[in-house]
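Heads up: the structure comes next, in structure tokens.
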Amino acid sequence: MTVPEVSRGRGRAWLFALLAGALLPGCESRTPSHRIPLTTPLEKPAASKPVRPEPALSAPTQEPSVPEAASARAPVEASRRVDAAADASVPVQASRRVDASDKPGAPVEASRGGASAESQVLGVEASRRTGTSAGALAPARQEAADTHARMQAVAVVGEANRLAPPLRGALRAMPPATEQSRRLHALGTRLMTPGGAVEAPCLEPADTGCARSALTPFFAALDGLVTGAGEATKAPTVIAAFGNSLIAGDRIVDVMRDELVAGFGGAGRGVLLVDRMAPYGGRTRTAAVSNGWQPRTLGELRAPPHPFGITGVYHVATEARARGRFKLEGEPRGTLWWRDVKDAGRLVVSVDGAVLVRTEPQGDGASRTTSFDLPAGAKWLDVTAERPGAIVQGVVLQQDGPGIVLDMLGVPSADATLYSRLEEDALKAQLAQRDPKLLLFFLGGNESKRLEWKRTDLDTVRRDLTALLRRTRAVSPGSACLVVGPMDAVQDGHVKGKPLTQRPFLEATIRVEREVALAEGCGFFSLFAAMGGAGSLARFNQAGFMHDDLVHPRGQGLDLLGQLVSDALLQAWVEQGTPLAPPLTSSREEAPTWPAEASKPTAEDVR
């Protein structure tokens, strides 16, 4: 193994470099190609270096204009840029970072402003006191690049010398900023999005802090991807993202996927659909070409005739030879999820015109899995129905090696109540196959809307979110869990030209979601507070980033929301999951099962 020269490193860096090269001759560096070269090993932090301001990132010239008050807000980046000549051995400290090497899991210092948990969730004042805007996170990530790469160098030398593993919190650092994140941070500064922090309850308190938080399994997987050690090197690190239309268009999770893959490597596309959920939209997460399929989703007003797997969608062949064609990217194998309905006929999986496998239906209505190996160099995968009526729930395509896979499982109109339409057997089988390290839930927008319409109540919202978290966590007890609350929303029936009025039950919904998430051992992130709280939707709309319905963001407005979530999740990893909510005081019950079909809640109950 060779360690690249670092011109600013100290003499000790050469000793570690020579030692690593001598002990591991002929090995290749584990540093992914997107990372910067390895630098000097981590040393004891020295005194802080002078700060040299740099010009703020310029906003894209094609973006719509925003109010002058937004553009007048001075970017925080300039005051936080570290001098390039600063000692490379000094770990960069973001303004909100906790030194976990001293007190693992310790609460956040006074830099958070001492705001209450509720004010952090529902307001933005606490976030503004911390100085953690979306724009401010970009230099922290840029400055932390050397520390992020040093973590790998220390891990390699430590492995060679059979040293104890590095202290996780002390060596974590934000991955280097990408061009996309720089652009979105600049946009966030203009739109006055303060950003926010993830709350994570402590599941296993320890004498020195918290031994395990709600997000520890996911953070441990990220550690493994950086150091090249542990279970994360044996299989992809999967994130299962459930939610509503906010993520169903796939732009929010696209940004999250891009950011995580840029920092930790990717392992493929994961769960895909045989066709789109509607006649419009892109095909990032579907077959490249499809014909002859009808989509059915759990968000429909009346319950479709068949229950759902974890995608919340199934496609029914409307004609013989209905087909979905997927462009292959070197995946070694694939999986077909399908429902075995009566008289539907077989599904045929073929590659470049050669049949790989045919399903053998029994007609019992069960959800089934068919796996197949893909030949090297294969270019196209076809899933074809021999007769009308065949049902496809999803197709899984990914690599075998380490890296991030983010499964987008969002469905338009979905809420926690409608997720009761997930069939228990399919949920157990498919989620167990995916083995996610993070269960992610984007919910609350439809709940608050239906509260305004008086078609549900807060007790139902609390009960059904609790049931959803318990059902999914019972299948994946070793995964982390994070609930992302809804974005800002305005009241229905607004009059054009009049000031927008906040949706009346929005903040109550956020409070309920936060209470349930923390009580069930999940983290919570307030997207409402991170985007700027009440009135932030009006700023997005004035900038041209809302659809005419004033419900759904569009374009880079969606991208910015994805960046806010990504920044908060990565910052929580750097800080070892702080701020921690109080430890759980009562054990969670067994995951509930829904009663008989006749008593299940339906869409009519909540719409």
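Just so we're on the same page: first chain in the structure tokens is A, next is B, and so on; residues restart at 1 for each chain, and ligands are numbered from 1 in the order they show up.
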Excluding A:Gln180 and residues on its chain fewer than 4 positions from it, collect all residues at most 10 Å away from it, counting only C-alpha atoms, and give them as a ChimeraX atom specification. /A:184-185,255,258-259,559-560,563
For the residues selected in the previous step, produce a file with N, CA, C and O atoms as an mmCIF file, in the first residue's frame.
```
data_model
loop_
_atom_site.group_PDB
_atom_site.id
_atom_site.type_symbol
_atom_site.label_atom_id
_atom_site.label_comp_id
_atom_site.auth_asym_id
_atom_site.auth_seq_id
_atom_site.Cartn_x
_atom_site.Cartn_y
_atom_site.Cartn_z
ATOM 1 N N LEU A 184 -26.904 24.058 -3.145
ATOM 2 C CA LEU A 184 -28.098 24.049 -2.309
ATOM 3 C C LEU A 184 -27.880 24.804 -1.004
ATOM 4 O O LEU A 184 -28.815 25.419 -0.478
ATOM 5 N N HIS A 185 -26.661 24.781 -0.466
ATOM 6 C CA HIS A 185 -26.393 25.587 0.722
ATOM 7 C C HIS A 185 -26.531 27.075 0.413
ATOM 8 O O HIS A 185 -27.055 27.854 1.225
ATOM 9 N N VAL A 255 -31.464 13.461 -3.460
ATOM 10 C CA VAL A 255 -30.394 14.281 -2.885
ATOM 11 C C VAL A 255 -29.745 13.553 -1.720
ATOM 12 O O VAL A 255 -28.510 13.527 -1.589
ATOM 13 N N ASP A 258 -27.554 10.892 -3.167
ATOM 14 C CA ASP A 258 -26.354 11.465 -3.764
ATOM 15 C C ASP A 258 -25.336 11.844 -2.705
ATOM 16 O O ASP A 258 -24.132 11.590 -2.852
ATOM 17 N N GLU A 259 -25.804 12.493 -1.635
ATOM 18 C CA GLU A 259 -24.889 12.942 -0.587
ATOM 19 C C GLU A 259 -24.233 11.770 0.140
ATOM 20 O O GLU A 259 -23.026 11.782 0.416
ATOM 21 N N ASP A 559 -35.092 19.729 -3.721
ATOM 22 C CA ASP A 559 -33.691 19.374 -3.497
ATOM 23 C C ASP A 559 -33.175 19.969 -2.193
ATOM 24 O O ASP A 559 -32.432 19.322 -1.450
ATOM 25 N N LEU A 560 -33.548 21.212 -1.916
ATOM 26 C CA LEU A 560 -33.083 21.863 -0.694
ATOM 27 C C LEU A 560 -33.593 21.141 0.548
ATOM 28 O O LEU A 560 -32.857 20.982 1.534
ATOM 29 N N GLN A 563 -31.446 18.274 1.100
ATOM 30 C CA GLN A 563 -30.149 18.676 1.641
ATOM 31 C C GLN A 563 -30.237 18.949 3.139
ATOM 32 O O GLN A 563 -29.324 18.614 3.903
#
```
Determine, using only C-alpha atoms, which residues of stretch 426-483 of chain A have any atom at most 12 Å from an atom of stretch 537-558 of chain A, and tabulate each with its shortest atom pair and distance in Å to one decimal place, rows ordered by chain and then rising number, as a Markdown table.
```
| residue | atom | partner | partner_atom | distance |
| --- | --- | --- | --- | --- |
| A:Gly445 | CA | A:Val551 | CA | 8.8 |
| A:Asn446 | CA | A:Val551 | CA | 10.0 |
| A:Ser448 | CA | A:Val551 | CA | 11.7 |
| A:Lys449 | CA | A:Val551 | CA | 10.0 |
```
Selection to disk with N, CA and C atoms, as an mmCIF file, in the first residue's frame:
```cif
data_model
loop_
_atom_site.group_PDB
_atom_site.id
_atom_site.type_symbol
_atom_site.label_atom_id
_atom_site.label_comp_id
_atom_site.auth_asym_id
_atom_site.auth_seq_id
_atom_site.Cartn_x
_atom_site.Cartn_y
_atom_site.Cartn_z
ATOM 1 N N GLY A 445 -47.721 15.327 6.593
ATOM 2 C CA GLY A 445 -48.408 16.299 5.749
ATOM 3 C C GLY A 445 -49.861 15.949 5.513
ATOM 4 N N ASN A 446 -50.133 14.690 5.149
ATOM 5 C CA ASN A 446 -51.521 14.277 4.926
ATOM 6 C C ASN A 446 -52.295 14.185 6.227
ATOM 7 N N SER A 448 -51.959 16.173 8.857
ATOM 8 C CA SER A 448 -52.394 17.521 9.245
ATOM 9 C C SER A 448 -53.517 18.017 8.337
ATOM 10 N N LYS A 449 -53.467 17.658 7.065
ATOM 11 C CA LYS A 449 -54.534 18.052 6.137
ATOM 12 C C LYS A 449 -55.857 17.391 6.534
#
```
Per DSSP on the backbone, what are the strand (DSSP E) residues of stretch 388-605 of chain A, as a PyMOL selection string? chain A and resi 391-398+404-410+438-442+480-484+523-525+580-581
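Those residues in stretch 218-262 of chain A carrying a DSSP assignment of alpha helix (DSSP H), computed from the backbone, are Phe218, Phe219, Ala220, Ala221, Leu222, Asp223, Gly224, Leu225, Val226, Thr227, Ser245, Leu246, Ile247, Ala248, Arg251, Ile252, Val253, Asp254, Val255, Met256, Arg257, Asp258, Glu259, Leu260, Val261 and Ala262 of chain A.
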Writer output for current selection, C-alpha atoms, as a PDB file, in the first residue's frame:
```pdb
ATOM      1  CA  PHE A 218     -26.855   3.293  11.150  1.00  0.00           C
ATOM      2  CA  PHE A 219     -23.947   5.321  12.479  1.00  0.00           C
ATOM      3  CA  ALA A 220     -21.990   2.113  13.143  1.00  0.00           C
ATOM      4  CA  ALA A 221     -22.600   1.092   9.517  1.00  0.00           C
ATOM      5  CA  LEU A 222     -21.253   4.458   8.311  1.00  0.00           C
ATOM      6  CA  ASP A 223     -18.192   3.938  10.518  1.00  0.00           C
ATOM      7  CA  GLY A 224     -17.613   0.591   8.855  1.00  0.00           C
ATOM      8  CA  LEU A 225     -17.885   2.105   5.384  1.00  0.00           C
ATOM      9  CA  VAL A 226     -15.268   4.712   6.276  1.00  0.00           C
ATOM     10  CA  THR A 227     -12.818   2.402   8.043  1.00  0.00           C
ATOM     11  CA  SER A 245     -45.849  12.380  -1.959  1.00  0.00           C
ATOM     12  CA  LEU A 246     -43.088  14.551  -0.496  1.00  0.00           C
ATOM     13  CA  ILE A 247     -40.646  11.751  -1.328  1.00  0.00           C
ATOM     14  CA  ALA A 248     -42.635   9.779  -3.914  1.00  0.00           C
ATOM     15  CA  ARG A 251     -36.074  14.248  -5.511  1.00  0.00           C
ATOM     16  CA  ILE A 252     -35.693  14.577  -1.738  1.00  0.00           C
ATOM     17  CA  VAL A 253     -34.352  11.067  -1.389  1.00  0.00           C
ATOM     18  CA  ASP A 254     -32.362  11.512  -4.596  1.00  0.00           C
ATOM     19  CA  VAL A 255     -30.394  14.281  -2.885  1.00  0.00           C
ATOM     20  CA  MET A 256     -29.975  12.192   0.256  1.00  0.00           C
ATOM     21  CA  ARG A 257     -28.801   9.263  -1.862  1.00  0.00           C
ATOM     22  CA  ASP A 258     -26.354  11.465  -3.764  1.00  0.00           C
ATOM     23  CA  GLU A 259     -24.889  12.942  -0.587  1.00  0.00           C
ATOM     24  CA  LEU A 260     -24.467   9.607   1.183  1.00  0.00           C
ATOM     25  CA  VAL A 261     -23.051   7.871  -1.875  1.00  0.00           C
ATOM     26  CA  ALA A 262     -20.574  10.733  -2.400  1.00  0.00           C
TER      27      ALA A 262
END
```
Between atom CA of A:Gly230 and atom CA of A:Ala206, what is the distance, to one decimal in Å?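 Pair atom CA of A:Gly230 / atom CA of A:Ala206 returns 23.1 Å.
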Compile a residue-level contact table for stretch 275-348 of chain A against stretch 263-270 of chain A at a cut-off of 10 Å, reporting for every qualifying residue the shortest atom pair and its distance in Å to one decimal, with only C-alpha atoms counted, rows ordered by chain and ascending number, as CSV.
```
residue,atom,partner,partner_atom,distance
A:Thr284,CA,A:Arg269,CA,9.1
A:Arg285,CA,A:Arg269,CA,7.5
A:Thr286,CA,A:Arg269,CA,9.9
A:Glu329,CA,A:Gly268,CA,8.0
A:Gly330,CA,A:Gly268,CA,9.2
A:Glu331,CA,A:Gly268,CA,7.8
A:Gly334,CA,A:Gly270,CA,9.5
A:Thr335,CA,A:Gly270,CA,9.9
```
Selection: 9 Å around A:Ala517, only C-alpha atoms, excl. self and same-chain fewer than 2 positions, as a PDB file with N, CA, C and O atoms, in the first residue's frame:
```pdb
ATOM      1  N   PRO A 201     -33.371   9.442  20.975  1.00  0.00           N
ATOM      2  CA  PRO A 201     -33.459   8.978  22.359  1.00  0.00           C
ATOM      3  C   PRO A 201     -32.356   7.987  22.687  1.00  0.00           C
ATOM      4  O   PRO A 201     -31.889   7.239  21.824  1.00  0.00           O
ATOM      5  N   LEU A 465     -49.410   5.881  13.837  1.00  0.00           N
ATOM      6  CA  LEU A 465     -47.962   6.023  13.697  1.00  0.00           C
ATOM      7  C   LEU A 465     -47.252   5.066  14.643  1.00  0.00           C
ATOM      8  O   LEU A 465     -46.250   4.435  14.278  1.00  0.00           O
ATOM      9  N   THR A 466     -47.769   4.928  15.853  1.00  0.00           N
ATOM     10  CA  THR A 466     -47.199   3.958  16.793  1.00  0.00           C
ATOM     11  C   THR A 466     -47.237   2.548  16.214  1.00  0.00           C
ATOM     12  O   THR A 466     -46.249   1.803  16.279  1.00  0.00           O
ATOM     13  N   LEU A 469     -44.594   2.151  13.347  1.00  0.00           N
ATOM     14  CA  LEU A 469     -43.223   2.038  13.844  1.00  0.00           C
ATOM     15  C   LEU A 469     -42.996   0.680  14.505  1.00  0.00           C
ATOM     16  O   LEU A 469     -41.940   0.058  14.319  1.00  0.00           O
ATOM     17  N   CYS A 481     -33.874   4.060  13.460  1.00  0.00           N
ATOM     18  CA  CYS A 481     -35.212   4.532  13.090  1.00  0.00           C
ATOM     19  C   CYS A 481     -35.250   6.047  13.217  1.00  0.00           C
ATOM     20  O   CYS A 481     -34.811   6.594  14.235  1.00  0.00           O
ATOM     21  N   LEU A 482     -35.764   6.712  12.191  1.00  0.00           N
ATOM     22  CA  LEU A 482     -35.850   8.172  12.200  1.00  0.00           C
ATOM     23  C   LEU A 482     -37.161   8.608  11.561  1.00  0.00           C
ATOM     24  O   LEU A 482     -37.493   8.182  10.449  1.00  0.00           O
ATOM     25  N   VAL A 483     -37.908   9.455  12.266  1.00  0.00           N
ATOM     26  CA  VAL A 483     -39.134  10.061  11.752  1.00  0.00           C
ATOM     27  C   VAL A 483     -38.832  11.499  11.364  1.00  0.00           C
ATOM     28  O   VAL A 483     -38.281  12.258  12.172  1.00  0.00           O
ATOM     29  N   VAL A 512     -47.188  15.507  18.046  1.00  0.00           N
ATOM     30  CA  VAL A 512     -47.573  14.104  18.215  1.00  0.00           C
ATOM     31  C   VAL A 512     -46.523  13.187  17.594  1.00  0.00           C
ATOM     32  O   VAL A 512     -46.122  12.175  18.192  1.00  0.00           O
ATOM     33  N   GLU A 513     -46.064  13.508  16.383  1.00  0.00           N
ATOM     34  CA  GLU A 513     -45.064  12.665  15.734  1.00  0.00           C
ATOM     35  C   GLU A 513     -43.782  12.612  16.549  1.00  0.00           C
ATOM     36  O   GLU A 513     -43.159  11.550  16.668  1.00  0.00           O
ATOM     37  N   ARG A 514     -43.377  13.738  17.087  1.00  0.00           N
ATOM     38  CA  ARG A 514     -42.158  13.757  17.902  1.00  0.00           C
ATOM     39  C   ARG A 514     -42.331  12.898  19.162  1.00  0.00           C
ATOM     40  O   ARG A 514     -41.449  12.114  19.518  1.00  0.00           O
ATOM     41  N   GLU A 515     -43.466  13.049  19.819  1.00  0.00           N
ATOM     42  CA  GLU A 515     -43.713  12.270  21.036  1.00  0.00           C
ATOM     43  C   GLU A 515     -43.685  10.774  20.742  1.00  0.00           C
ATOM     44  O   GLU A 515     -43.077   9.991  21.476  1.00  0.00           O
ATOM     45  N   ALA A 519     -40.817   8.129  22.012  1.00  0.00           N
ATOM     46  CA  ALA A 519     -41.315   7.084  22.901  1.00  0.00           C
ATOM     47  C   ALA A 519     -41.060   5.696  22.340  1.00  0.00           C
ATOM     48  O   ALA A 519     -40.868   4.736  23.098  1.00  0.00           O
ATOM     49  N   GLU A 520     -41.032   5.568  21.012  1.00  0.00           N
ATOM     50  CA  GLU A 520     -40.825   4.259  20.383  1.00  0.00           C
ATOM     51  C   GLU A 520     -39.363   3.977  20.069  1.00  0.00           C
ATOM     52  O   GLU A 520     -39.049   3.002  19.398  1.00  0.00           O
ATOM     53  N   GLY A 521     -38.481   4.834  20.530  1.00  0.00           N
ATOM     54  CA  GLY A 521     -37.056   4.583  20.320  1.00  0.00           C
ATOM     55  C   GLY A 521     -36.550   4.992  18.954  1.00  0.00           C
ATOM     56  O   GLY A 521     -35.546   4.454  18.485  1.00  0.00           O
ATOM     57  N   CYS A 522     -37.231   5.935  18.306  1.00  0.00           N
ATOM     58  CA  CYS A 522     -36.799   6.458  17.011  1.00  0.00           C
ATOM     59  C   CYS A 522     -36.295   7.884  17.178  1.00  0.00           C
ATOM     60  O   CYS A 522     -36.704   8.601  18.097  1.00  0.00           O
ATOM     61  N   GLY A 523     -35.415   8.295  16.275  1.00  0.00           N
ATOM     62  CA  GLY A 523     -35.023   9.686  16.234  1.00  0.00           C
ATOM     63  C   GLY A 523     -36.123  10.523  15.610  1.00  0.00           C
ATOM     64  O   GLY A 523     -37.072  10.017  15.006  1.00  0.00           O
ATOM     65  N   PHE A 524     -35.991  11.854  15.757  1.00  0.00           N
ATOM     66  CA  PHE A 524     -36.964  12.764  15.164  1.00  0.00           C
ATOM     67  C   PHE A 524     -36.239  13.967  14.589  1.00  0.00           C
ATOM     68  O   PHE A 524     -35.292  14.490  15.191  1.00  0.00           O
TER      69      PHE A 524
END
```
Distance atom CA of A:Val313-atom CA of A:Thr297, one decimal place?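 Distance between the two atoms: 4.5 Å.
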Shell around A:Asp488 at 7 Å using only C-alpha atoms, local window under 5 positions removed, as a PyMOL selection string: chain A and resi 528+533-534+536-537
With only C-alpha atoms as the counted atoms, please give the residues lying no more than 10 Å from stretch 428-437 of chain A, apart from itself and same-chain residues fewer than 3 positions off, as a PyMOL selection string. chain A and resi 215-222+232+235-241+270-271+309-311+335+337+367-369+396+405-407+422-425+440+471-481
From the options A:Thr509, A:Thr456, A:Gln398, A:Asn244, which residue's atoms come nearest to A:Leu298, counting only C-alpha atoms?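 Distance minimum relative to A:Leu298 lands on A:Asn244.
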Shortest interatomic distance to A:Leu397 - which of A:Trp338, A:Pro499, A:Leu272, A:His315, counting only C-alpha atoms: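 Under the stated criterion, the closest residue is A:Leu272.
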Can you tell me, as a list in words, what residues are no more than 7 Å from stretch 379-389 of chain A when counting only C-alpha atoms, ignoring any on the same chain fewer than 6 positions away?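 Close residues of stretch 379-389 of chain A: Val316, Ala317, Thr318, Glu319, Ala320, Arg321, Ala322, Arg323, Gly324, Arg325, Phe326, Lys327, Leu328, Ala344, Gly345, Arg346, Leu347, Val348, Val349, Ser350, Val351 and Asp352 of chain A.
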